[in-house]
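Quick look at data.cif (mmCIF, N, CA and C atoms):
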```
data_upload
loop_
_atom_site.label_atom_id
_atom_site.label_comp_id
_atom_site.auth_asym_id
_atom_site.auth_seq_id
_atom_site.Cartn_x
_atom_site.Cartn_y
_atom_site.Cartn_z
N MET A 25 1.85 -1.19 12.50
CA MET A 25 2.19 -0.19 11.51
C MET A 25 1.00 -0.02 10.58
N ASP A 26 0.56 1.22 10.38
CA ASP A 26 -0.55 1.46 9.47
C ASP A 26 -0.05 1.48 8.03
N TRP A 27 -0.98 1.44 7.08
CA TRP A 27 -0.60 1.33 5.67
C TRP A 27 0.19 2.53 5.18
N LYS A 28 -0.09 3.74 5.71
CA LYS A 28 0.65 4.92 5.28
C LYS A 28 2.12 4.81 5.68
N SER A 29 2.36 4.38 6.91
CA SER A 29 3.74 4.20 7.37
C SER A 29 4.43 3.12 6.56
N TYR A 30 3.69 2.09 6.24
CA TYR A 30 4.27 0.98 5.50
C TYR A 30 4.68 1.41 4.10
N VAL A 31 3.80 2.14 3.40
CA VAL A 31 4.11 2.58 2.03
C VAL A 31 5.29 3.54 2.06
N ARG A 32 5.34 4.45 3.02
CA ARG A 32 6.47 5.40 3.06
C ARG A 32 7.78 4.67 3.31
N TYR A 33 7.73 3.64 4.17
CA TYR A 33 8.93 2.83 4.41
C TYR A 33 9.35 2.13 3.13
N ARG A 34 8.38 1.56 2.41
CA ARG A 34 8.70 0.83 1.19
C ARG A 34 9.30 1.76 0.13
N ILE A 35 8.80 2.99 0.04
CA ILE A 35 9.33 3.94 -0.94
C ILE A 35 10.80 4.23 -0.63
N ARG A 36 11.08 4.50 0.63
CA ARG A 36 12.47 4.79 1.01
C ARG A 36 13.37 3.57 0.76
N HIS A 37 12.87 2.40 1.17
CA HIS A 37 13.63 1.17 1.00
C HIS A 37 13.92 0.91 -0.49
N ALA A 38 12.90 1.09 -1.33
CA ALA A 38 13.08 0.87 -2.76
C ALA A 38 14.11 1.83 -3.34
N ARG A 39 14.04 3.09 -2.93
CA ARG A 39 14.98 4.08 -3.45
C ARG A 39 16.41 3.73 -3.04
N MET A 40 16.58 3.35 -1.79
CA MET A 40 17.92 3.03 -1.32
C MET A 40 18.46 1.75 -1.97
N GLU A 41 17.59 0.75 -2.15
CA GLU A 41 18.02 -0.49 -2.81
C GLU A 41 18.41 -0.24 -4.26
N ALA A 42 17.73 0.71 -4.90
CA ALA A 42 18.04 1.06 -6.29
C ALA A 42 19.25 2.00 -6.36
N ARG A 43 19.77 2.35 -5.20
CA ARG A 43 20.93 3.25 -5.09
C ARG A 43 20.67 4.59 -5.78
N LEU A 44 19.47 5.13 -5.50
CA LEU A 44 19.10 6.44 -6.03
C LEU A 44 19.05 7.45 -4.90
N THR A 45 19.47 8.67 -5.19
CA THR A 45 19.28 9.75 -4.22
C THR A 45 17.84 10.24 -4.35
N GLN A 46 17.40 11.05 -3.40
CA GLN A 46 16.06 11.62 -3.51
C GLN A 46 15.96 12.50 -4.75
N VAL A 47 17.02 13.19 -5.08
CA VAL A 47 17.03 14.05 -6.26
C VAL A 47 16.89 13.20 -7.53
N GLN A 48 17.63 12.11 -7.61
CA GLN A 48 17.55 11.24 -8.79
C GLN A 48 16.16 10.63 -8.95
N LEU A 49 15.60 10.15 -7.84
CA LEU A 49 14.25 9.57 -7.91
C LEU A 49 13.25 10.65 -8.31
N ALA A 50 13.37 11.81 -7.72
CA ALA A 50 12.45 12.92 -8.03
C ALA A 50 12.48 13.24 -9.52
N GLU A 51 13.68 13.32 -10.09
CA GLU A 51 13.81 13.63 -11.51
C GLU A 51 13.16 12.54 -12.38
N SER A 52 13.33 11.29 -11.98
CA SER A 52 12.80 10.20 -12.81
C SER A 52 11.29 10.06 -12.72
N ILE A 53 10.66 10.59 -11.65
CA ILE A 53 9.20 10.48 -11.54
C ILE A 53 8.50 11.82 -11.76
N GLY A 54 9.27 12.87 -12.01
CA GLY A 54 8.68 14.16 -12.37
C GLY A 54 8.18 15.00 -11.21
N VAL A 55 8.84 14.89 -10.06
CA VAL A 55 8.51 15.75 -8.91
C VAL A 55 9.81 16.35 -8.39
N ASP A 56 9.72 17.25 -7.41
CA ASP A 56 10.96 17.77 -6.83
C ASP A 56 11.40 16.90 -5.65
N ASN A 57 12.66 17.06 -5.26
CA ASN A 57 13.21 16.20 -4.21
C ASN A 57 12.53 16.43 -2.85
N LEU A 58 11.96 17.60 -2.62
CA LEU A 58 11.24 17.84 -1.37
C LEU A 58 9.99 16.98 -1.30
N THR A 59 9.36 16.74 -2.44
CA THR A 59 8.18 15.88 -2.47
C THR A 59 8.56 14.44 -2.14
N VAL A 60 9.67 13.97 -2.69
CA VAL A 60 10.14 12.62 -2.36
C VAL A 60 10.42 12.53 -0.86
N SER A 61 11.04 13.55 -0.31
CA SER A 61 11.31 13.58 1.12
C SER A 61 10.01 13.50 1.92
N LYS A 62 8.99 14.23 1.47
CA LYS A 62 7.69 14.20 2.15
C LYS A 62 7.04 12.82 2.06
N PHE A 63 7.19 12.15 0.90
CA PHE A 63 6.69 10.78 0.78
C PHE A 63 7.35 9.88 1.81
N GLU A 64 8.67 9.98 1.90
CA GLU A 64 9.43 9.10 2.78
C GLU A 64 9.21 9.40 4.25
N ARG A 65 8.85 10.63 4.58
CA ARG A 65 8.58 10.99 5.98
C ARG A 65 7.11 10.82 6.33
N GLY A 66 6.29 10.46 5.36
CA GLY A 66 4.87 10.27 5.62
C GLY A 66 4.08 11.56 5.72
N LYS A 67 4.66 12.66 5.28
CA LYS A 67 3.96 13.96 5.30
C LYS A 67 2.95 14.06 4.16
N VAL A 68 3.25 13.37 3.06
CA VAL A 68 2.37 13.34 1.89
C VAL A 68 2.26 11.88 1.45
N VAL A 69 1.04 11.44 1.17
CA VAL A 69 0.83 10.09 0.66
C VAL A 69 0.74 10.19 -0.86
N PRO A 70 1.62 9.49 -1.57
CA PRO A 70 1.61 9.58 -3.03
C PRO A 70 0.39 8.88 -3.62
N SER A 71 -0.03 9.34 -4.78
CA SER A 71 -1.12 8.68 -5.50
C SER A 71 -0.61 7.33 -6.00
N VAL A 72 -1.54 6.48 -6.38
CA VAL A 72 -1.15 5.19 -6.93
C VAL A 72 -0.36 5.39 -8.22
N GLU A 73 -0.73 6.39 -8.99
CA GLU A 73 0.00 6.68 -10.24
C GLU A 73 1.45 7.04 -9.93
N THR A 74 1.67 7.80 -8.87
CA THR A 74 3.04 8.17 -8.49
C THR A 74 3.80 6.95 -8.00
N VAL A 75 3.14 6.08 -7.25
CA VAL A 75 3.80 4.85 -6.80
C VAL A 75 4.15 3.99 -8.01
N GLU A 76 3.31 4.00 -9.04
CA GLU A 76 3.63 3.28 -10.29
C GLU A 76 4.93 3.82 -10.89
N LYS A 77 5.08 5.14 -10.90
CA LYS A 77 6.30 5.75 -11.44
C LYS A 77 7.51 5.36 -10.58
N ILE A 78 7.33 5.36 -9.28
CA ILE A 78 8.42 4.97 -8.38
C ILE A 78 8.79 3.51 -8.63
N ALA A 79 7.78 2.67 -8.83
CA ALA A 79 8.04 1.25 -9.12
C ALA A 79 8.87 1.10 -10.39
N ARG A 80 8.50 1.85 -11.42
CA ARG A 80 9.28 1.78 -12.67
C ARG A 80 10.70 2.28 -12.46
N ALA A 81 10.85 3.38 -11.73
CA ALA A 81 12.18 3.98 -11.52
C ALA A 81 13.08 3.06 -10.70
N THR A 82 12.49 2.31 -9.78
CA THR A 82 13.28 1.42 -8.92
C THR A 82 13.28 -0.02 -9.41
N ARG A 83 12.56 -0.26 -10.52
CA ARG A 83 12.49 -1.58 -11.15
C ARG A 83 11.92 -2.65 -10.21
N LEU A 84 10.87 -2.26 -9.52
CA LEU A 84 10.16 -3.18 -8.63
C LEU A 84 8.72 -3.30 -9.09
N PRO A 85 8.09 -4.46 -8.84
CA PRO A 85 6.67 -4.58 -9.21
C PRO A 85 5.81 -3.67 -8.33
N LEU A 86 4.75 -3.14 -8.88
CA LEU A 86 3.89 -2.22 -8.14
C LEU A 86 3.38 -2.83 -6.85
N ASP A 87 2.99 -4.09 -6.90
CA ASP A 87 2.41 -4.70 -5.71
C ASP A 87 3.41 -4.79 -4.55
N TRP A 88 4.70 -4.72 -4.83
CA TRP A 88 5.71 -4.77 -3.77
C TRP A 88 5.51 -3.64 -2.76
N PHE A 89 5.04 -2.50 -3.22
CA PHE A 89 4.87 -1.34 -2.35
C PHE A 89 3.68 -1.50 -1.41
N PHE A 90 2.75 -2.37 -1.75
CA PHE A 90 1.52 -2.52 -0.96
C PHE A 90 1.41 -3.89 -0.29
N ARG A 91 2.29 -4.81 -0.61
CA ARG A 91 2.22 -6.16 -0.07
C ARG A 91 2.88 -6.22 1.30
N TRP A 92 2.13 -6.70 2.28
CA TRP A 92 2.72 -6.90 3.60
C TRP A 92 3.75 -8.00 3.48
N PRO A 93 4.81 -7.98 4.30
CA PRO A 93 5.89 -8.97 4.17
C PRO A 93 5.42 -10.42 4.20
N SER A 94 4.31 -10.70 4.87
CA SER A 94 3.84 -12.08 4.96
C SER A 94 3.13 -12.55 3.70
N GLN A 95 2.87 -11.64 2.76
CA GLN A 95 2.18 -12.02 1.53
C GLN A 95 3.19 -12.44 0.47
N PRO A 96 3.06 -13.65 -0.05
CA PRO A 96 4.00 -14.09 -1.08
C PRO A 96 3.73 -13.40 -2.41
N ALA A 97 4.75 -13.27 -3.19
CA ALA A 97 4.60 -12.70 -4.53
C ALA A 97 4.14 -13.80 -5.48
N ASN A 98 3.33 -13.47 -6.42
CA ASN A 98 2.85 -14.43 -7.41
C ASN A 98 3.48 -14.10 -8.76
N TYR A 99 4.80 -14.14 -8.82
CA TYR A 99 5.48 -13.74 -10.04
C TYR A 99 5.23 -14.71 -11.19
N ASP A 100 4.82 -15.95 -10.90
CA ASP A 100 4.53 -16.90 -11.97
C ASP A 100 3.31 -16.46 -12.78
N LEU A 101 2.46 -15.61 -12.20
CA LEU A 101 1.25 -15.19 -12.87
C LEU A 101 1.45 -13.94 -13.73
N VAL A 102 2.63 -13.35 -13.69
CA VAL A 102 2.88 -12.12 -14.46
C VAL A 102 3.04 -12.49 -15.93
N PRO A 103 2.26 -11.86 -16.79
CA PRO A 103 2.35 -12.18 -18.22
C PRO A 103 3.63 -11.62 -18.83
N VAL A 104 4.04 -12.21 -19.92
CA VAL A 104 5.25 -11.77 -20.60
C VAL A 104 4.95 -10.57 -21.50
N ASP A 105 3.78 -10.54 -22.11
CA ASP A 105 3.42 -9.47 -23.02
C ASP A 105 3.33 -8.14 -22.28
N GLY A 106 4.02 -7.12 -22.76
CA GLY A 106 4.08 -5.82 -22.10
C GLY A 106 2.73 -5.12 -22.01
N ARG A 107 1.92 -5.21 -23.07
CA ARG A 107 0.62 -4.55 -23.07
C ARG A 107 -0.29 -5.19 -22.01
N GLU A 108 -0.27 -6.52 -21.95
CA GLU A 108 -1.10 -7.22 -20.96
C GLU A 108 -0.61 -6.90 -19.55
N LEU A 109 0.70 -6.84 -19.39
CA LEU A 109 1.26 -6.49 -18.08
C LEU A 109 0.81 -5.09 -17.68
N TRP A 110 0.88 -4.14 -18.60
CA TRP A 110 0.47 -2.77 -18.28
C TRP A 110 -1.01 -2.74 -17.91
N THR A 111 -1.84 -3.49 -18.65
CA THR A 111 -3.28 -3.54 -18.35
C THR A 111 -3.52 -4.10 -16.96
N ARG A 112 -2.83 -5.18 -16.63
CA ARG A 112 -2.99 -5.77 -15.29
C ARG A 112 -2.51 -4.84 -14.20
N LEU A 113 -1.38 -4.18 -14.44
CA LEU A 113 -0.88 -3.23 -13.44
C LEU A 113 -1.86 -2.08 -13.24
N HIS A 114 -2.44 -1.60 -14.32
CA HIS A 114 -3.41 -0.53 -14.22
C HIS A 114 -4.64 -1.00 -13.44
N GLN A 115 -5.11 -2.21 -13.73
CA GLN A 115 -6.25 -2.75 -13.00
C GLN A 115 -5.91 -2.91 -11.52
N MET A 116 -4.69 -3.39 -11.24
CA MET A 116 -4.26 -3.53 -9.84
C MET A 116 -4.20 -2.17 -9.16
N SER A 117 -3.70 -1.17 -9.85
CA SER A 117 -3.58 0.15 -9.24
C SER A 117 -4.95 0.72 -8.92
N LEU A 118 -5.93 0.49 -9.82
CA LEU A 118 -7.29 0.95 -9.54
C LEU A 118 -7.88 0.21 -8.35
N ALA A 119 -7.65 -1.09 -8.28
CA ALA A 119 -8.15 -1.88 -7.15
C ALA A 119 -7.48 -1.45 -5.85
N LEU A 120 -6.17 -1.19 -5.91
CA LEU A 120 -5.45 -0.74 -4.72
C LEU A 120 -5.93 0.63 -4.27
N ALA A 121 -6.17 1.52 -5.22
CA ALA A 121 -6.66 2.84 -4.87
C ALA A 121 -8.02 2.73 -4.19
N ASP A 122 -8.87 1.85 -4.71
CA ASP A 122 -10.19 1.64 -4.12
C ASP A 122 -10.05 1.05 -2.70
N ALA A 123 -9.14 0.08 -2.56
CA ALA A 123 -8.93 -0.53 -1.24
C ALA A 123 -8.40 0.50 -0.25
N LEU A 124 -7.49 1.36 -0.69
CA LEU A 124 -6.94 2.38 0.20
C LEU A 124 -8.02 3.37 0.64
N LYS A 125 -8.94 3.70 -0.27
CA LYS A 125 -10.05 4.58 0.09
C LYS A 125 -10.91 3.94 1.17
N HIS A 126 -11.17 2.64 1.01
CA HIS A 126 -11.97 1.92 2.01
C HIS A 126 -11.26 1.88 3.36
N ILE A 127 -9.95 1.69 3.33
CA ILE A 127 -9.18 1.68 4.58
C ILE A 127 -9.26 3.04 5.25
N GLN A 128 -9.12 4.10 4.46
CA GLN A 128 -9.22 5.45 5.03
C GLN A 128 -10.60 5.69 5.64
N GLN A 129 -11.64 5.21 4.96
CA GLN A 129 -12.98 5.36 5.51
C GLN A 129 -13.13 4.60 6.81
N LEU A 130 -12.58 3.39 6.86
CA LEU A 130 -12.62 2.60 8.09
C LEU A 130 -11.87 3.31 9.21
N GLU A 131 -10.70 3.87 8.88
CA GLU A 131 -9.92 4.56 9.90
C GLU A 131 -10.70 5.73 10.50
N ARG A 132 -11.50 6.41 9.67
CA ARG A 132 -12.30 7.53 10.17
C ARG A 132 -13.48 7.06 11.00
N LEU A 133 -14.07 5.93 10.63
CA LEU A 133 -15.28 5.46 11.29
C LEU A 133 -15.03 4.68 12.58
N LEU A 134 -13.94 3.93 12.61
CA LEU A 134 -13.69 3.07 13.76
C LEU A 134 -12.99 3.84 14.88
N PRO A 135 -13.25 3.44 16.12
CA PRO A 135 -12.55 4.07 17.25
C PRO A 135 -11.03 3.89 17.09
N ASP A 136 -10.30 4.83 17.64
CA ASP A 136 -8.84 4.83 17.52
C ASP A 136 -8.26 3.50 18.01
N GLY A 137 -7.43 2.89 17.22
CA GLY A 137 -6.73 1.67 17.60
C GLY A 137 -7.48 0.39 17.25
N LEU A 138 -8.78 0.47 16.98
CA LEU A 138 -9.55 -0.73 16.71
C LEU A 138 -9.10 -1.41 15.42
N LEU A 139 -8.80 -0.62 14.39
CA LEU A 139 -8.35 -1.19 13.13
C LEU A 139 -7.03 -1.94 13.31
N ARG A 140 -6.12 -1.39 14.12
CA ARG A 140 -4.86 -2.09 14.39
C ARG A 140 -5.10 -3.39 15.14
N GLU A 141 -6.04 -3.37 16.10
CA GLU A 141 -6.37 -4.59 16.84
C GLU A 141 -6.94 -5.65 15.90
N MET A 142 -7.82 -5.22 14.99
CA MET A 142 -8.41 -6.15 14.03
C MET A 142 -7.33 -6.74 13.14
N ASP A 143 -6.42 -5.90 12.67
CA ASP A 143 -5.34 -6.37 11.81
C ASP A 143 -4.45 -7.36 12.55
N ALA A 144 -4.14 -7.06 13.81
CA ALA A 144 -3.30 -7.95 14.61
C ALA A 144 -4.01 -9.29 14.81
N SER A 145 -5.32 -9.26 15.06
CA SER A 145 -6.08 -10.50 15.22
C SER A 145 -6.07 -11.32 13.95
N LEU A 146 -6.30 -10.66 12.81
CA LEU A 146 -6.30 -11.37 11.54
C LEU A 146 -4.93 -11.94 11.23
N SER A 147 -3.87 -11.19 11.55
CA SER A 147 -2.52 -11.68 11.32
C SER A 147 -2.26 -12.94 12.14
N GLY A 148 -2.74 -12.92 13.38
CA GLY A 148 -2.59 -14.09 14.25
C GLY A 148 -3.34 -15.29 13.69
N LEU A 149 -4.55 -15.07 13.19
CA LEU A 149 -5.33 -16.16 12.61
C LEU A 149 -4.64 -16.71 11.36
N ARG A 150 -4.10 -15.81 10.52
CA ARG A 150 -3.39 -16.26 9.32
C ARG A 150 -2.18 -17.10 9.70
N ALA A 151 -1.46 -16.65 10.71
CA ALA A 151 -0.26 -17.38 11.15
C ALA A 151 -0.65 -18.77 11.64
N GLU A 152 -1.73 -18.85 12.40
CA GLU A 152 -2.20 -20.15 12.89
C GLU A 152 -2.61 -21.05 11.73
N ALA A 153 -3.32 -20.48 10.78
CA ALA A 153 -3.82 -21.27 9.66
C ALA A 153 -2.67 -21.86 8.84
N PHE A 154 -1.61 -21.11 8.68
CA PHE A 154 -0.51 -21.60 7.85
C PHE A 154 0.51 -22.42 8.62
N SER A 155 0.49 -22.34 9.95
CA SER A 155 1.47 -23.09 10.72
C SER A 155 0.91 -24.40 11.25
N THR A 156 -0.42 -24.55 11.25
CA THR A 156 -1.04 -25.77 11.76
C THR A 156 -0.98 -26.86 10.70
N PRO A 157 -0.34 -27.99 11.02
CA PRO A 157 -0.29 -29.07 10.02
C PRO A 157 -1.68 -29.63 9.79
N ARG A 158 -1.99 -29.92 8.55
CA ARG A 158 -3.29 -30.49 8.22
C ARG A 158 -3.28 -31.97 8.48
N ALA A 159 -4.39 -32.45 8.97
CA ALA A 159 -4.52 -33.89 9.23
C ALA A 159 -4.48 -34.63 7.90
N ALA A 160 -3.87 -35.77 7.90
CA ALA A 160 -3.78 -36.57 6.69
C ALA A 160 -5.18 -37.05 6.29
N GLU A 161 -5.49 -36.91 5.01
CA GLU A 161 -6.80 -37.35 4.53
C GLU A 161 -6.75 -38.84 4.26
N ASN A 162 -7.83 -39.51 4.65
CA ASN A 162 -7.90 -40.97 4.45
C ASN A 162 -8.67 -41.31 3.21
#
```
Kindly return the structure encoded in the file as structure tokens.
Amino acid sequence: MDWKSYVRYRIRHARMEARLTQVQLAESIGVDNLTVSKFERGKVVPSVETVEKIARATRLPLDWFFRWPSQPANYDLVPVDGRELWTRLHQMSLALADALKHIQQLERLLPDGLLREMDASLSGLRAEAFSTPRAAEN
């Protein structure tokens, strides 16, 4: 699954978990319901700012929309202060936007399917790394 498909799935999942209709979500983020439908069908990729609004409307952390299921959440690191939280979220959104641009550039430059193969290989290596018991240190 590519990142665009993943984000569109997460948007739909978040909306349904929050028990919001497309119309309700659209109203809370300032777009029309056809735009929400396009997000969920992958016809339009929302900006990071729009995903931030969706996160607020569905009461989910922004990183939830971009985190692959195998990535643990680091909720212990979230600050309590609202201003600091907003600053960190903004910094994360800028970093995510930059990362997404790089992914798009890679998708254009690499032969079709190579990026998926690389991702599958890295996923396999990560799985091996975390499932292999470490030898006891003497």
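Between atom CA of A:Ile35 and atom CA of A:Ser147 the interatomic distance comes to 23.1 Å.
Remark: for A:Asp87, the closest of the candidate residues A:Glu73, A:Leu113, A:Ser29, A:Glu41 is A:Leu113 (distances computed over all atoms listed in the file).
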For a quick check of your reading of the model, name the residues lying within 7 Å of the coordinate (17.3, 13.7, -2.0), counting only N, CA and C atoms, and write them as an mmCIF file with N, CA and C atoms, in the coordinates of the input.
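out-v8.cif was written with the following content:
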```cif
data_model
loop_
_atom_site.group_PDB
_atom_site.id
_atom_site.type_symbol
_atom_site.label_atom_id
_atom_site.label_comp_id
_atom_site.auth_asym_id
_atom_site.auth_seq_id
_atom_site.Cartn_x
_atom_site.Cartn_y
_atom_site.Cartn_z
ATOM 1 N N THR A 45 19.470 8.670 -5.190
ATOM 2 C CA THR A 45 19.280 9.750 -4.220
ATOM 3 C C THR A 45 17.840 10.240 -4.350
ATOM 4 N N GLN A 46 17.400 11.050 -3.400
ATOM 5 C CA GLN A 46 16.060 11.620 -3.510
ATOM 6 C C GLN A 46 15.960 12.500 -4.750
ATOM 7 N N VAL A 47 17.020 13.190 -5.080
ATOM 8 C CA VAL A 47 17.030 14.050 -6.260
ATOM 9 C C VAL A 47 16.890 13.200 -7.530
ATOM 10 N N GLN A 48 17.630 12.110 -7.610
ATOM 11 C CA GLN A 48 17.550 11.240 -8.790
ATOM 12 C C GLN A 48 16.160 10.630 -8.950
ATOM 13 N N ASN A 57 12.660 17.060 -5.260
ATOM 14 C CA ASN A 57 13.210 16.200 -4.210
ATOM 15 C C ASN A 57 12.530 16.430 -2.850
ATOM 16 N N LEU A 58 11.960 17.600 -2.620
ATOM 17 C CA LEU A 58 11.240 17.840 -1.370
ATOM 18 C C LEU A 58 9.990 16.980 -1.300
ATOM 19 N N SER A 61 11.040 13.550 -0.310
ATOM 20 C CA SER A 61 11.310 13.580 1.120
ATOM 21 C C SER A 61 10.010 13.500 1.920
#
```
Original post:
Separation of atom CA of A:His126 and atom CA of A:Lys62, in Å?
Top reply: 23.2 Å
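Atom N of A:Phe89 lies 6.6 Å from atom CA of A:Arg34.
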